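Right, one structure below, let's go through it.
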Amino acid sequence: MEIINKKIDELIPYEYNNKKHDETQVNRIANSIKEFGFTQPVVIDKNNVVIIGHGRLEASKKLWLKEIPCVKMEDLTEIQVKKLRILDNKLNESEWDLENLQYDLATIPDFNIGELEINVDDLFDDLFPVDPDELDDNFSLPSGEKAPFGQITFTLADEQKKEIEEAIKKVKETDLYKSQMNYGNENSNWNALYCIVSQWIALNQ
């Protein structure tokens, strides 16, 4: 796959682009390009119409770039181009592994990119529940069936965190962990911690 530099004024946004890019997203992409460079080229057809990368193109205009890296798909038919454009947008949608995401976020001091201050809570507000401490006394859940799960947050010293993570890792390897009831909870770390706590309770009753 050959990557070529194309002048921005030669690139044509697809008139019926299926995805919308608001100003906030374009600013984030622009700051990402400033900090990390162009990690993904824009994909264009034989007529220089954008197939993949409208957001990157808009961000490049904000940065006043004259040229950007592109991949030209000259052999695709018009129908293939439309299929690729739609499939790229759709197939990139996948479920997050929230445990792994939370682990990575916890190791990043701040999520600012360049001069852009990014609030992680806003960035992932559709993935993580609202902190109960932020709710006022008049807050109430909508009527209807509620998921039987709760959330607990701990503040730990680094050494405490290290020991707990090691204990969780070890208990996951035991037959007891594999056989215990998890009450429908898919969070493996909390299931492991529950296993440790339930055994402590059993030994101290």
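FYI, nothing fancy with the structure tokens labels: chains A, B, ... in order, residues from 1 per chain, ligands from 1 as they appear.
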
Near Ala167 (chain A), within 9 Å and counting only C-alpha atoms, which residues show up once chain neighbours fewer than 5 positions away are dropped, as a VMD selection string?
chain A and resid 162 172 192 to 193 196

Would you mind exporting C-alpha atoms of the selected residues as a compact mmCIF listing (two decimals), in the first residue's frame?
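That gives us again-v5.txt:
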```txt
# COMPACT_ATOMS: atom_id res chain seq x y z
CA LYS A 162 -0.02 -3.70 44.24
CA LYS A 172 -8.46 -16.16 39.65
CA ALA A 192 -12.18 -12.33 42.53
CA LEU A 193 -12.32 -9.77 45.33
CA ILE A 196 -11.47 -13.35 48.87
```

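Residue nearest Thr174 (chain A) within the list A:Leu156, A:Cys195, A:Ala202, A:Ile4: A:Cys195 [criterion: smallest interatomic distance, only C-alpha atoms].
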
Which is closest to Ile168 (chain A) among A:Ile68, A:Met1, A:Ile152, A:Val197, if we use only C-alpha atoms?
A:Val197
